[in-house]
Each structure stands twice: as structure tokens, then as C-alpha cells.
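Colleague: Sharing coords-v9.cif (mmCIF, C-alpha atoms) below.
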```cif
data_structure
loop_
_atom_site.label_atom_id
_atom_site.label_comp_id
_atom_site.auth_asym_id
_atom_site.auth_seq_id
_atom_site.Cartn_x
_atom_site.Cartn_y
_atom_site.Cartn_z
CA MET W 102 -146.89 -56.02 -114.12
CA VAL W 103 -144.89 -54.82 -111.16
CA THR W 104 -144.01 -51.66 -109.34
CA SER W 105 -140.94 -50.09 -110.87
CA ILE W 106 -138.04 -49.19 -108.66
CA ALA W 107 -138.57 -45.53 -109.55
CA GLU W 108 -142.13 -45.60 -108.29
CA SER W 109 -141.07 -47.49 -105.20
CA THR W 110 -138.43 -44.90 -104.36
CA ASP W 111 -141.01 -42.18 -104.82
CA VAL W 112 -143.38 -43.98 -102.47
CA LEU W 113 -140.70 -44.30 -99.81
CA ASN W 114 -139.76 -40.64 -100.10
CA ARG W 115 -143.37 -39.54 -99.81
CA LEU W 116 -143.95 -41.82 -96.83
CA GLU W 117 -140.85 -40.48 -95.15
CA GLU W 118 -141.94 -36.89 -95.66
CA LEU W 119 -145.32 -37.60 -94.07
CA GLU W 120 -143.64 -39.32 -91.13
CA THR W 121 -141.23 -36.43 -90.76
CA ARG W 122 -144.10 -33.96 -90.65
CA GLU W 123 -145.74 -36.00 -87.87
CA ARG W 124 -142.44 -36.05 -86.01
CA LEU W 125 -142.00 -32.28 -86.25
CA HIS W 126 -145.55 -31.63 -85.03
CA ARG W 127 -144.74 -33.93 -82.14
CA LEU W 128 -141.64 -31.92 -81.22
CA CYS W 129 -143.75 -28.78 -81.21
CA HIS W 130 -146.39 -30.35 -78.97
CA ASP W 131 -143.87 -32.02 -76.66
CA TYR W 132 -142.48 -28.56 -75.99
CA SER W 133 -145.82 -27.66 -74.39
CA HIS W 134 -146.28 -31.00 -72.64
CA GLY W 135 -142.71 -30.98 -71.30
CA PHE W 136 -142.72 -27.34 -70.24
CA ASP W 137 -146.21 -27.08 -68.76
CA LYS W 138 -146.13 -30.44 -66.98
CA ARG W 139 -142.55 -29.77 -65.88
CA ASP W 140 -141.38 -33.05 -67.36
CA LEU W 141 -137.70 -32.24 -67.84
CA SER W 142 -136.79 -35.35 -69.84
CA THR W 143 -139.61 -34.79 -72.37
CA PHE W 144 -138.68 -31.12 -72.57
CA LEU W 145 -134.95 -31.70 -73.12
CA ALA W 146 -135.51 -34.51 -75.65
CA ILE W 147 -136.94 -32.10 -78.24
CA TRP W 148 -133.69 -30.11 -78.61
CA HIS W 149 -130.39 -30.90 -80.28
CA ASP W 150 -127.39 -30.71 -77.92
CA ASP W 151 -126.33 -27.37 -79.33
CA ALA W 152 -129.79 -25.92 -79.90
CA VAL W 153 -130.52 -22.22 -79.52
CA TRP W 154 -133.68 -21.20 -77.66
CA VAL W 155 -134.78 -17.57 -77.85
CA PHE W 156 -137.74 -17.36 -75.49
CA GLY W 157 -138.24 -13.61 -75.47
CA PRO W 158 -136.61 -10.35 -76.56
CA GLY W 159 -132.90 -10.61 -75.73
CA GLN W 160 -133.47 -13.88 -73.89
CA GLU W 161 -131.33 -16.51 -75.60
CA VAL W 162 -129.76 -19.69 -74.25
CA THR W 163 -127.70 -22.35 -76.02
CA GLY W 164 -127.21 -26.06 -75.50
CA THR W 165 -128.74 -28.55 -73.11
CA ASP W 166 -127.40 -26.90 -69.95
CA GLY W 167 -128.56 -23.45 -71.02
CA ILE W 168 -131.98 -24.72 -71.97
CA ARG W 169 -132.40 -26.69 -68.73
CA GLY W 170 -131.31 -23.66 -66.72
CA ALA W 171 -133.77 -21.34 -68.46
CA ALA W 172 -136.65 -23.78 -68.03
CA GLU W 173 -135.89 -24.30 -64.35
CA GLN W 174 -135.66 -20.54 -63.79
CA MET W 175 -139.06 -20.02 -65.42
CA TRP W 176 -140.55 -22.85 -63.36
CA GLU W 177 -139.35 -21.01 -60.23
CA ALA W 178 -140.88 -17.73 -61.36
CA LEU W 179 -144.19 -19.17 -62.56
CA ALA W 180 -146.68 -21.18 -60.53
CA GLU W 181 -148.49 -22.55 -63.59
CA THR W 182 -148.13 -22.37 -67.37
CA HIS W 183 -150.59 -23.48 -70.06
CA HIS W 184 -149.43 -23.32 -73.69
CA TRP W 185 -151.92 -24.17 -76.44
CA ASN W 186 -150.21 -24.55 -79.82
CA ALA W 187 -152.12 -23.70 -82.97
CA ASN W 188 -151.55 -23.24 -86.71
CA VAL W 189 -148.46 -25.47 -86.79
CA VAL W 190 -146.96 -25.52 -90.29
CA VAL W 191 -143.70 -27.20 -91.31
CA ASP W 192 -141.64 -27.29 -94.50
CA VAL W 193 -139.28 -30.22 -94.93
CA ASP W 194 -136.19 -30.18 -97.16
CA GLY W 195 -133.97 -33.25 -96.80
CA ASP W 196 -132.35 -33.31 -93.37
CA GLY W 197 -133.54 -29.82 -92.54
CA ALA W 198 -136.94 -28.28 -91.90
CA THR W 199 -138.51 -25.05 -90.78
CA GLY W 200 -141.75 -24.45 -88.95
CA VAL W 201 -144.04 -21.72 -87.65
CA ALA W 202 -146.59 -22.11 -84.86
CA ASP W 203 -148.78 -19.69 -82.96
CA VAL W 204 -149.41 -20.15 -79.28
CA HIS W 205 -151.95 -18.89 -76.78
CA ALA W 206 -150.76 -19.20 -73.22
CA ILE W 207 -152.14 -18.45 -69.77
CA VAL W 208 -149.61 -18.24 -66.97
CA LYS W 209 -149.82 -17.75 -63.22
CA ALA W 210 -146.82 -16.03 -61.67
CA ALA W 211 -145.34 -17.12 -58.34
CA ASP W 212 -147.08 -14.07 -56.75
CA GLY W 213 -150.45 -15.45 -57.85
CA SER W 214 -151.11 -12.94 -60.66
CA TRP W 215 -152.38 -14.27 -63.99
CA SER W 216 -151.63 -13.19 -67.53
CA GLN W 217 -152.45 -14.17 -71.07
CA VAL W 218 -149.90 -14.33 -73.87
CA SER W 219 -149.99 -14.48 -77.68
CA ALA W 220 -146.75 -15.51 -79.37
CA THR W 221 -145.35 -17.05 -82.54
CA TYR W 222 -142.57 -19.64 -82.64
CA THR W 223 -140.26 -19.81 -85.67
CA ASP W 224 -138.36 -23.09 -85.66
CA VAL W 225 -135.42 -24.66 -87.43
CA TYR W 226 -135.35 -28.46 -87.23
CA ALA W 227 -132.50 -30.79 -88.21
CA ARG W 228 -132.13 -34.54 -88.63
CA ARG W 229 -128.83 -35.83 -87.31
CA ASP W 230 -128.00 -39.56 -87.07
CA GLY W 231 -131.60 -40.21 -88.02
CA VAL W 232 -133.09 -38.13 -85.18
CA TRP W 233 -135.17 -35.02 -85.76
CA ALA W 234 -134.91 -32.32 -83.08
CA ILE W 235 -135.13 -28.55 -82.75
CA ALA W 236 -131.94 -26.76 -83.78
CA ARG W 237 -133.30 -23.27 -83.04
CA ARG W 238 -136.55 -21.81 -81.73
CA ASP W 239 -137.26 -18.09 -81.84
CA THR W 240 -140.20 -16.63 -79.97
CA GLU W 241 -141.99 -13.44 -80.94
CA ILE W 242 -144.32 -12.25 -78.20
CA HIS W 243 -147.28 -10.31 -79.62
CA PHE W 244 -148.89 -9.34 -76.32
CA GLN W 245 -148.87 -10.20 -72.65
CA ARG W 246 -151.99 -8.95 -70.88
CA PRO W 247 -152.91 -9.25 -67.20
CA LEU W 248 -155.96 -11.35 -66.42
CA PRO W 249 -158.32 -10.27 -63.63
CA GLY W 250 -158.62 -12.35 -60.48
CA MET J 490 -143.08 -62.42 -105.24
CA VAL J 491 -143.83 -58.87 -106.20
CA THR J 492 -146.27 -56.11 -105.43
CA SER J 493 -149.26 -56.34 -107.72
CA ILE J 494 -150.32 -53.31 -109.69
CA ALA J 495 -153.57 -53.29 -107.77
CA GLU J 496 -151.81 -53.00 -104.45
CA SER J 497 -149.51 -50.37 -105.84
CA THR J 498 -152.44 -48.26 -107.01
CA ASP J 499 -154.01 -48.60 -103.59
CA VAL J 500 -150.78 -47.46 -101.95
CA LEU J 501 -150.59 -44.42 -104.22
CA ASN J 502 -154.19 -43.50 -103.53
CA ARG J 503 -153.72 -43.79 -99.78
CA LEU J 504 -150.52 -41.76 -99.91
CA GLU J 505 -152.25 -39.10 -101.92
CA GLU J 506 -155.12 -38.87 -99.48
CA LEU J 507 -152.72 -38.40 -96.57
CA GLU J 508 -150.85 -35.71 -98.49
CA THR J 509 -154.12 -34.01 -99.39
CA ARG J 510 -155.14 -33.94 -95.74
CA GLU J 511 -151.84 -32.28 -94.84
CA ARG J 512 -152.38 -29.76 -97.61
CA LEU J 513 -155.89 -28.88 -96.42
CA HIS J 514 -154.71 -28.42 -92.83
CA ARG J 515 -152.04 -26.14 -94.22
CA LEU J 516 -154.63 -24.02 -96.04
CA CYS J 517 -156.55 -23.67 -92.80
CA HIS J 518 -153.44 -22.64 -90.85
CA ASP J 519 -152.16 -20.31 -93.57
CA TYR J 520 -155.45 -18.43 -93.26
CA SER J 521 -154.43 -17.50 -89.71
CA HIS J 522 -150.79 -16.85 -90.55
CA GLY J 523 -151.69 -14.76 -93.59
CA PHE J 524 -154.45 -12.79 -91.91
CA ASP J 525 -152.87 -12.19 -88.50
CA LYS J 526 -149.38 -11.39 -89.83
CA ARG J 527 -150.94 -9.33 -92.62
CA ASP J 528 -149.05 -11.29 -95.25
CA LEU J 529 -151.27 -10.65 -98.25
CA SER J 530 -149.60 -13.14 -100.61
CA THR J 531 -149.90 -16.01 -98.12
CA PHE J 532 -153.49 -15.02 -97.41
CA LEU J 533 -154.56 -14.78 -101.05
CA ALA J 534 -152.78 -18.03 -102.04
CA ILE J 535 -155.21 -20.15 -100.00
CA TRP J 536 -158.25 -19.19 -102.11
CA HIS J 537 -159.39 -20.16 -105.59
CA ASP J 538 -159.85 -17.20 -107.95
CA ASP J 539 -163.62 -17.37 -107.60
CA ALA J 540 -163.77 -18.36 -103.94
CA VAL J 541 -166.57 -17.20 -101.65
CA TRP J 542 -165.65 -15.93 -98.18
CA VAL J 543 -168.43 -15.42 -95.67
CA PHE J 544 -166.71 -13.88 -92.66
CA GLY J 545 -169.76 -12.97 -90.62
CA PRO J 546 -173.54 -12.75 -90.80
CA GLY J 547 -174.42 -11.16 -94.13
CA GLN J 548 -170.76 -10.45 -94.84
CA GLU J 549 -169.85 -12.21 -98.05
CA VAL J 550 -167.25 -11.42 -100.69
CA THR J 551 -166.33 -13.29 -103.87
CA GLY J 552 -163.12 -13.67 -105.82
CA THR J 553 -159.58 -12.47 -105.27
CA ASP J 554 -160.45 -8.76 -105.42
CA GLY J 555 -163.36 -9.13 -103.02
CA ILE J 556 -161.28 -11.16 -100.59
CA ARG J 557 -158.34 -8.76 -100.72
CA GLY J 558 -160.69 -5.82 -100.19
CA ALA J 559 -162.36 -7.40 -97.17
CA ALA J 560 -159.03 -8.34 -95.58
CA GLU J 561 -157.61 -4.87 -96.08
CA GLN J 562 -160.76 -3.30 -94.63
CA MET J 563 -160.48 -5.48 -91.52
CA TRP J 564 -156.80 -4.67 -91.17
CA GLU J 565 -157.77 -0.97 -91.14
CA ALA J 566 -160.42 -1.54 -88.47
CA LEU J 567 -158.35 -3.81 -86.24
CA ALA J 568 -155.00 -3.04 -84.65
CA GLU J 569 -154.19 -6.71 -83.95
CA THR J 570 -155.75 -10.10 -84.61
CA HIS J 571 -154.79 -13.49 -83.18
CA HIS J 572 -156.59 -16.56 -84.56
CA TRP J 573 -155.86 -19.95 -82.98
CA ASN J 574 -157.32 -22.81 -85.04
CA ALA J 575 -158.41 -25.98 -83.29
CA ASN J 576 -160.28 -29.21 -84.02
CA VAL J 577 -159.53 -29.15 -87.76
CA VAL J 578 -161.24 -32.07 -89.51
CA VAL J 579 -161.35 -32.70 -93.25
CA ASP J 580 -163.13 -35.19 -95.49
CA VAL J 581 -161.63 -35.81 -98.92
CA ASP J 582 -163.57 -37.13 -101.90
CA GLY J 583 -161.63 -37.08 -105.16
CA ASP J 584 -161.02 -33.51 -106.28
CA GLY J 585 -163.31 -32.10 -103.62
CA ALA J 586 -163.14 -31.90 -99.86
CA THR J 587 -164.97 -30.37 -96.92
CA GLY J 588 -163.68 -29.29 -93.55
CA VAL J 589 -164.71 -27.90 -90.20
CA ALA J 590 -162.49 -26.01 -87.78
CA ASP J 591 -163.13 -24.11 -84.58
CA VAL J 592 -161.24 -20.95 -83.80
CA HIS J 593 -160.53 -18.89 -80.72
CA ALA J 594 -159.50 -15.35 -81.53
CA ILE J 595 -158.46 -12.27 -79.59
CA VAL J 596 -158.63 -9.00 -81.47
CA LYS J 597 -157.70 -5.41 -80.67
CA ALA J 598 -159.77 -2.78 -82.45
CA ALA J 599 -158.27 0.39 -83.88
CA ASP J 600 -159.71 2.26 -80.85
CA GLY J 601 -157.63 0.07 -78.51
CA SER J 602 -160.51 -2.06 -77.17
CA TRP J 603 -160.01 -5.82 -76.95
CA SER J 604 -162.43 -8.66 -77.56
CA GLN J 605 -162.49 -12.43 -77.62
CA VAL J 606 -164.25 -14.47 -80.28
CA SER J 607 -165.37 -18.08 -80.68
CA ALA J 608 -166.27 -19.18 -84.20
CA THR J 609 -166.53 -22.19 -86.47
CA TYR J 610 -165.37 -22.32 -90.08
CA THR J 611 -167.10 -24.62 -92.55
CA ASP J 612 -164.98 -25.04 -95.66
CA VAL J 613 -165.32 -26.39 -99.17
CA TYR J 614 -162.01 -27.20 -100.84
CA ALA J 615 -161.39 -28.06 -104.50
CA ARG J 616 -158.42 -29.34 -106.49
CA ARG J 617 -158.10 -27.67 -109.86
CA ASP J 618 -155.11 -28.22 -112.19
CA GLY J 619 -153.54 -30.16 -109.33
CA VAL J 620 -153.80 -27.31 -106.82
CA TRP J 621 -155.91 -27.51 -103.67
CA ALA J 622 -157.41 -24.25 -102.44
CA ILE J 623 -160.48 -22.99 -100.59
CA ALA J 624 -163.57 -22.69 -102.81
CA ARG J 625 -165.81 -21.42 -100.00
CA ARG J 626 -165.42 -20.58 -96.31
CA ASP J 627 -168.42 -19.89 -94.09
CA THR J 628 -167.96 -18.45 -90.62
CA GLU J 629 -170.38 -18.94 -87.76
CA ILE J 630 -169.59 -16.62 -84.86
CA HIS J 631 -170.65 -18.15 -81.53
CA PHE J 632 -169.77 -15.19 -79.29
CA GLN J 633 -167.79 -11.99 -79.30
CA ARG J 634 -167.11 -10.75 -75.79
CA PRO J 635 -165.26 -7.61 -74.69
CA LEU J 636 -162.03 -8.19 -72.77
CA PRO J 637 -161.16 -5.83 -69.89
CA GLY J 638 -158.21 -3.49 -70.16
CA MET X 1212 -135.93 -54.86 -110.50
CA VAL X 1213 -139.05 -54.98 -108.38
CA THR X 1214 -140.23 -54.09 -104.90
CA SER X 1215 -139.66 -57.01 -102.55
CA ILE X 1216 -142.56 -58.30 -100.53
CA ALA X 1217 -140.69 -57.29 -97.38
CA GLU X 1218 -140.50 -53.70 -98.47
CA SER X 1219 -144.11 -53.76 -99.57
CA THR X 1220 -145.24 -55.00 -96.15
CA ASP X 1221 -143.20 -52.28 -94.52
CA VAL X 1222 -144.85 -49.67 -96.76
CA LEU X 1223 -148.31 -50.93 -95.87
CA ASN X 1224 -147.52 -50.90 -92.15
CA ARG X 1225 -146.17 -47.37 -92.30
CA LEU X 1226 -149.17 -46.18 -94.32
CA GLU X 1227 -151.51 -47.78 -91.84
CA GLU X 1228 -149.79 -46.12 -88.90
CA LEU X 1229 -150.11 -42.71 -90.55
CA GLU X 1230 -153.79 -43.35 -91.28
CA THR X 1231 -154.33 -44.51 -87.71
CA ARG X 1232 -152.78 -41.33 -86.36
CA GLU X 1233 -155.15 -39.27 -88.52
CA ARG X 1234 -158.05 -41.31 -87.25
CA LEU X 1235 -157.10 -40.81 -83.61
CA HIS X 1236 -156.72 -37.07 -84.07
CA ARG X 1237 -160.16 -37.11 -85.63
CA LEU X 1238 -161.65 -38.87 -82.61
CA CYS X 1239 -160.14 -36.23 -80.39
CA HIS X 1240 -161.53 -33.39 -82.51
CA ASP X 1241 -164.94 -35.01 -82.96
CA TYR X 1242 -165.23 -35.01 -79.17
CA SER X 1243 -165.21 -31.21 -79.29
CA HIS X 1244 -167.40 -30.93 -82.38
CA GLY X 1245 -169.92 -33.44 -80.99
CA PHE X 1246 -170.01 -32.01 -77.49
CA ASP X 1247 -169.97 -28.29 -78.28
CA LYS X 1248 -172.40 -28.48 -81.20
CA ARG X 1249 -174.55 -30.92 -79.22
CA ASP X 1250 -174.45 -33.43 -82.05
CA LEU X 1251 -175.19 -36.61 -80.10
CA SER X 1252 -174.48 -39.08 -82.91
CA THR X 1253 -171.04 -37.58 -83.61
CA PHE X 1254 -170.31 -37.50 -79.89
CA LEU X 1255 -171.34 -41.10 -79.23
CA ALA X 1256 -169.56 -42.46 -82.31
CA ILE X 1257 -166.12 -41.70 -80.85
CA TRP X 1258 -166.52 -44.13 -77.92
CA HIS X 1259 -166.44 -47.92 -77.71
CA ASP X 1260 -169.63 -49.46 -76.26
CA ASP X 1261 -167.96 -50.09 -72.91
CA ALA X 1262 -165.81 -46.96 -72.81
CA VAL X 1263 -164.99 -45.18 -69.56
CA TRP X 1264 -165.25 -41.39 -69.47
CA VAL X 1265 -163.80 -39.57 -66.49
CA PHE X 1266 -164.77 -35.93 -67.05
CA GLY X 1267 -163.69 -34.52 -63.68
CA PRO X 1268 -162.55 -35.53 -60.22
CA GLY X 1269 -164.73 -38.44 -59.09
CA GLN X 1270 -166.94 -38.03 -62.15
CA GLU X 1271 -166.84 -41.29 -64.08
CA VAL X 1272 -169.38 -42.91 -66.37
CA THR X 1273 -169.20 -46.14 -68.34
CA GLY X 1274 -170.75 -47.33 -71.59
CA THR X 1275 -172.91 -45.63 -74.18
CA ASP X 1276 -175.85 -45.00 -71.83
CA GLY X 1277 -173.63 -43.56 -69.12
CA ILE X 1278 -171.81 -41.33 -71.58
CA ARG X 1279 -175.04 -40.11 -73.21
CA GLY X 1280 -176.51 -39.38 -69.77
CA ALA X 1281 -173.49 -37.40 -68.64
CA ALA X 1282 -173.37 -35.37 -71.86
CA GLU X 1283 -177.09 -34.57 -71.68
CA GLN X 1284 -176.77 -33.54 -68.03
CA MET X 1285 -173.93 -31.16 -68.89
CA TRP X 1286 -175.90 -29.74 -71.81
CA GLU X 1287 -178.71 -28.95 -69.34
CA ALA X 1288 -176.33 -27.25 -66.93
CA LEU X 1289 -174.39 -25.28 -69.52
CA ALA X 1290 -175.77 -22.79 -72.02
CA GLU X 1291 -172.67 -22.91 -74.26
CA THR X 1292 -169.37 -24.78 -74.38
CA HIS X 1293 -166.31 -24.11 -76.54
CA HIS X 1294 -163.45 -26.63 -76.39
CA TRP X 1295 -160.26 -25.89 -78.34
CA ASN X 1296 -157.96 -28.92 -78.47
CA ALA X 1297 -154.22 -28.40 -78.67
CA ASN X 1298 -150.98 -30.36 -78.46
CA VAL X 1299 -152.59 -33.66 -79.51
CA VAL X 1300 -150.01 -36.48 -79.42
CA VAL X 1301 -150.71 -40.18 -79.99
CA ASP X 1302 -148.64 -43.35 -79.71
CA VAL X 1303 -149.83 -46.35 -81.71
CA ASP X 1304 -148.97 -49.96 -80.83
CA GLY X 1305 -150.84 -52.53 -82.93
CA ASP X 1306 -154.54 -52.47 -82.06
CA GLY X 1307 -154.00 -50.17 -79.10
CA ALA X 1308 -152.95 -46.56 -78.75
CA THR X 1309 -152.59 -43.85 -76.15
CA GLY X 1310 -152.88 -40.12 -76.49
CA VAL X 1311 -152.55 -36.87 -74.59
CA ALA X 1312 -154.20 -33.57 -75.51
CA ASP X 1313 -154.51 -30.24 -73.78
CA VAL X 1314 -157.68 -28.22 -74.03
CA HIS X 1315 -158.67 -24.62 -73.45
CA ALA X 1316 -162.39 -24.19 -72.94
CA ILE X 1317 -164.78 -21.32 -72.34
CA VAL X 1318 -168.19 -22.24 -70.99
CA LYS X 1319 -171.35 -20.32 -70.18
CA ALA X 1320 -173.45 -21.80 -67.39
CA ALA X 1321 -177.24 -21.92 -67.53
CA ASP X 1322 -177.30 -18.94 -65.10
CA GLY X 1323 -175.38 -16.86 -67.67
CA SER X 1324 -172.02 -16.84 -65.85
CA TRP X 1325 -168.88 -17.52 -67.90
CA SER X 1326 -165.73 -19.41 -67.01
CA GLN X 1327 -162.47 -20.49 -68.57
CA VAL X 1328 -160.96 -23.93 -68.16
CA SER X 1329 -157.56 -25.53 -68.76
CA ALA X 1330 -157.48 -29.32 -68.79
CA THR X 1331 -155.54 -32.31 -70.10
CA TYR X 1332 -157.10 -35.45 -71.60
CA THR X 1333 -155.29 -38.77 -71.29
CA ASP X 1334 -156.77 -41.28 -73.71
CA VAL X 1335 -156.67 -44.99 -74.36
CA TYR X 1336 -157.76 -45.98 -77.86
CA ALA X 1337 -158.50 -49.47 -79.18
CA ARG X 1338 -159.18 -50.95 -82.61
CA ARG X 1339 -161.91 -53.58 -82.54
CA ASP X 1340 -163.33 -55.19 -85.71
CA GLY X 1341 -161.28 -52.67 -87.64
CA VAL X 1342 -162.77 -49.61 -85.92
CA TRP X 1343 -160.75 -47.23 -83.77
CA ALA X 1344 -162.59 -45.59 -80.88
CA ILE X 1345 -161.90 -44.27 -77.39
CA ALA X 1346 -161.74 -46.99 -74.73
CA ARG X 1347 -161.06 -44.56 -71.88
CA ARG X 1348 -160.67 -40.82 -71.47
CA ASP X 1349 -159.41 -39.27 -68.24
CA THR X 1350 -159.66 -35.53 -67.68
CA GLU X 1351 -157.35 -33.57 -65.41
CA ILE X 1352 -158.67 -30.06 -64.81
CA HIS X 1353 -155.83 -27.60 -64.15
CA PHE X 1354 -157.94 -24.54 -63.43
CA GLN X 1355 -161.44 -23.21 -63.82
CA ARG X 1356 -161.57 -19.42 -63.51
CA PRO X 1357 -164.59 -17.13 -63.72
CA LEU X 1358 -164.66 -14.72 -66.64
CA PRO X 1359 -166.01 -11.20 -66.09
CA GLY X 1360 -169.22 -10.12 -67.77
#
```
Can you present the structure in this file as C-alpha cells?
Modeller:
Amino acid sequence: MVTSIAESTDVLNRLEELETRERLHRLCHDYSHGFDKRDLSTFLAIWHDDAVWVFGPGQEVTGTDGIRGAAEQMWEALAETHHWNANVVVDVDGDGATGVADVHAIVKAADGSWSQVSATYTDVYARRDGVWAIARRDTEIHFQRPLPG
Amino acid sequence: MVTSIAESTDVLNRLEELETRERLHRLCHDYSHGFDKRDLSTFLAIWHDDAVWVFGPGQEVTGTDGIRGAAEQMWEALAETHHWNANVVVDVDGDGATGVADVHAIVKAADGSWSQVSATYTDVYARRDGVWAIARRDTEIHFQRPLPG
Amino acid sequence: MVTSIAESTDVLNRLEELETRERLHRLCHDYSHGFDKRDLSTFLAIWHDDAVWVFGPGQEVTGTDGIRGAAEQMWEALAETHHWNANVVVDVDGDGATGVADVHAIVKAADGSWSQVSATYTDVYARRDGVWAIARRDTEIHFQRPLPG
């Protein structure tokens, strides 16, 4: 008795979905690694060429140049950033996917002052030519509180 | 040469375990999304009808009504909650599973005071009629410290 | 029509990679569970016999005895530790793998003072006799800040 083609196709689809989920978590984590460690190539690799990045209220950039510019501007304004992702959930549907992640961040401004941030990312992912990347990331900031010392 | 039925069964079992692990992580994360974003339907969907939720020392509720009541009471008492799950591990055994997760939380009480919490969740999961949900969640609170300002 | 042996091998390889990734995440999380809950057997089980653990600048121990000694010394010096892993990424290549994880920690020293730490772990994993464990963990500490009260 042998595996039917139907079962085989099902297995391949299920495997692919699991791999996709891993890939999307990786994009989410590489955002933190790329941004915090100021590794521009890792950071840019997570976005599609025409991606939209909303990183705060009314703060929206589009495309690789816009995203690079925004990151570089933040790196000028901030001496250190530390983003810890949590609660990453993704829903895959064919070549598209959505995701939600919460983040706790501690940042040190260029003037030496520290603050603590709680935010939620809402992501749209797309697979194009076999490559998953972020098509759009929205950021909702819940609080930004100063830290003593 | 073809895949034997034995190998095929093994593949299906291994796939199912990986999918189950994803599902249990999702339950854990949806707890935070549901509770913090005060999305009652997401929050209630993670529990079995007769689930037990121990959310603090001597604070135990049972079943959908008990869980809803406790959540709504906390939402009255707290202006904001932010739960960041970490270190989620699960062990699957057939239709049952256990899990442990650590959480860092920052909460704002209704009176405007802030505090920071470290806790560990110990979970029992069960699959009934094909659906995985939490059968019991115990919470051990390690510290709750006031935050300035 | 039946699954070819080539496809079957591919399926098994892909399954194994997914299972390996789960296993490596587990090692990373069991580090926190073992260390924070002072569960020596869980903590020691994540390391190979000859593993290298660099837990701070110039602070390196080797092998099970060295690792146990370092952990026990820290448990003497610290009243409580809370490590929340985030952004865990792993890359698997045959019987070897590498990983990077960020951690946010809050610790209480034996004298009762509290501090907050941001660090990054860079890991080398190896599979020997079928068992994945940490071969080397390096720790880069980004900041350690005192916490009031």
C-alpha cells in the first residue's frame, strides 16, 4: 500500500505552511536584530521594494529608500534601541499573510535620556517570486514612559 | 520504490505534532492579545468550557462565565495591561499537552499608578472534538514592583 | 500514482529541519527556565559535555563542571533572576546550527538591589549521537541599569 497523491499533496501543503510560519516569525525577529544592531542589510532584507512602514502616528514611509532614510534618521536620534518581540501570531493564506506582534522596547536618546515603550505591530506579508517579505507594517504605540537615570 | 504506509503514518504524526505545537503557542499568545486588547471573543476562545484559571494566589475561577467575570473585573480595576510572553515551551502527548511560559507585564491601575510584574504560567492543554484549548492555567507571580511616575 | 522516493526524502529532510528548529528554540528557553527556577538538571541538560559558556566580558567557563560552578556562584550572588528571551533566530546546517537571541532580564542581588539588563546571546549548537545541545554560548551585555526601589 502506498501514499496516495492526494495525501502527498496535503503533506506538502502542510509542510509549506509550517515553513512559511517560521519564515514570517524570522522576518519579525530580523526587524529587531537589524534595527537594534544597526545592520542595514538585514533590516532592508525584510521588506518588499514597495513596502509601507508606519512607525508611529502620522509617520509613514514607502519603499526601500524611504525605509532606509527613516531608519538612519532614528539611528541618529537614538543612542541605543532594544526591541523585544513577544506574542507573535501569523495567519497564512496562499501567497499572503497577516501577523500581529507586541513589543517592549527600551531606548536611549542621543541626549542620554532613557524611555520604555509598549507597542503593537500589525503586519501584512506577501510572497512574490517565492520570497516572503513585509508588504506593510503598522505600529500602534501604547505608551512611552521616561525611565529614571 | 514507494513510500511505505508505515513511513507515511510517521510523517503524518510528526506533521501533526508540529502543527499542535504551533497551535499551543498561539493559545498562549492569544491570551495576551485577548486580555490586553480587551477582545473578549479572542480571550474566551482559548479556554475549554470547563477550564480552570488560577490568576493569582487563591484567585481561581472555573468555566466560561467565571473566566469572563474575572477578566471583566480586572479590566475595571486596571486602566492598561501589557503582557509579553517569553520562553514558551510545550510538551505534547496525544490529546493532552502541558506548557510553561514566563511573562513580563506592565500594568496601569485605574488610579493611574504603574507596576511591573514577573510571573510564570503553567498550562494544561487538551484536544477535544479536534480542538485544542486551555484546560487549566496556573499563575505563579514572582514579583510585582511599583514603577515610578 | 505514488510519491517518489526523491520527494519522500525531501519531505523527511524538511520535517527534520522544522523539528530541529523547535528543539533549538527549546534549548534557548530551557536556559531561562533552568537558570531562573534554579533547576540544575534542566539547566545542565542544554549543554554538551565540553560546551563553552561566556556569560560576560572575560567570564568564560568550559564543560559541565565549569558551567555548574558558574551557575551556582551566580545563584549565591543573586536573590532572583528573570530572563525573558526574545527574537530567537536559528540557522540549521546538517549537524550544526547557529542562533541569536536577545534577552531582557531583571535581577535582584543578594543585597536586595535590583537591576535591569539587555543582552544578546550568540549560540553554536551541535547534534552528537542524535542529541542537539549548546556547544558554545557567547553573551554580549548591552546595558545593566539599576532599578529604583
Colleague: Atom CA of His1259 of chain X and atom CA of Ala1346 of chain X are how many Å apart?
Modeller: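 Taking atom CA of His1259 of chain X and atom CA of Ala1346 of chain X, their separation equals 5.6 Å.
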Colleague: My list of candidates is J:Ala615, J:Ala560, J:Val606, J:Ala598. Which is closest to Ala540 of chain J when distances are computed with only C-alpha atoms?
Modeller: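 That would be J:Ala615, the residue with the smallest distance to Ala540 of chain J.
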Colleague: Quick check, in Å to one decimal: how far apart do atom CA of Gly170 of chain W and atom CA of Ser216 of chain W lie?
Modeller: 22.9 Å
Colleague: Suppose you want the space between atom CA of Phe156 of chain W and atom CA of Arg527 of chain J; what is it in Å?
Modeller: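 Separation between atom CA of Phe156 of chain W and atom CA of Arg527 of chain J: 23.1 Å.
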Colleague: Let me know the residues the PyMOL selection byres ((chain W and resi 151) around 7) catches in the file above, as a PyMOL selection string.
Modeller: chain W and resi 149-150+152-153+163-165
Colleague: Starting from the shown file, work through the PyMOL selection byres ((chain W and resi 196) around 10) and note down what comes out as an MDAnalysis selection string.
Modeller: chainID W and resid 121 193:195 197:198 226:233
Colleague: Would you save the residues from that selection as a PDB file, in the coordinates of the input, using C-alpha atoms?
Modeller:
```
ATOM      1  CA  THR W 121    -141.230 -36.430 -90.760  1.00  0.00           C
ATOM      2  CA  VAL W 193    -139.280 -30.220 -94.930  1.00  0.00           C
ATOM      3  CA  ASP W 194    -136.190 -30.180 -97.160  1.00  0.00           C
ATOM      4  CA  GLY W 195    -133.970 -33.250 -96.800  1.00  0.00           C
ATOM      5  CA  GLY W 197    -133.540 -29.820 -92.540  1.00  0.00           C
ATOM      6  CA  ALA W 198    -136.940 -28.280 -91.900  1.00  0.00           C
ATOM      7  CA  TYR W 226    -135.350 -28.460 -87.230  1.00  0.00           C
ATOM      8  CA  ALA W 227    -132.500 -30.790 -88.210  1.00  0.00           C
ATOM      9  CA  ARG W 228    -132.130 -34.540 -88.630  1.00  0.00           C
ATOM     10  CA  ARG W 229    -128.830 -35.830 -87.310  1.00  0.00           C
ATOM     11  CA  ASP W 230    -128.000 -39.560 -87.070  1.00  0.00           C
ATOM     12  CA  GLY W 231    -131.600 -40.210 -88.020  1.00  0.00           C
ATOM     13  CA  VAL W 232    -133.090 -38.130 -85.180  1.00  0.00           C
ATOM     14  CA  TRP W 233    -135.170 -35.020 -85.760  1.00  0.00           C
TER      15      TRP W 233
END
```
Colleague: Show which residues sit within 10 Å of Gln548 of chain J, as a VMD selection string. Count only C-alpha atoms, and ignore same-chain residues fewer than 4 positions away.
Modeller: chain J and resid 542 to 544 559 627 to 628
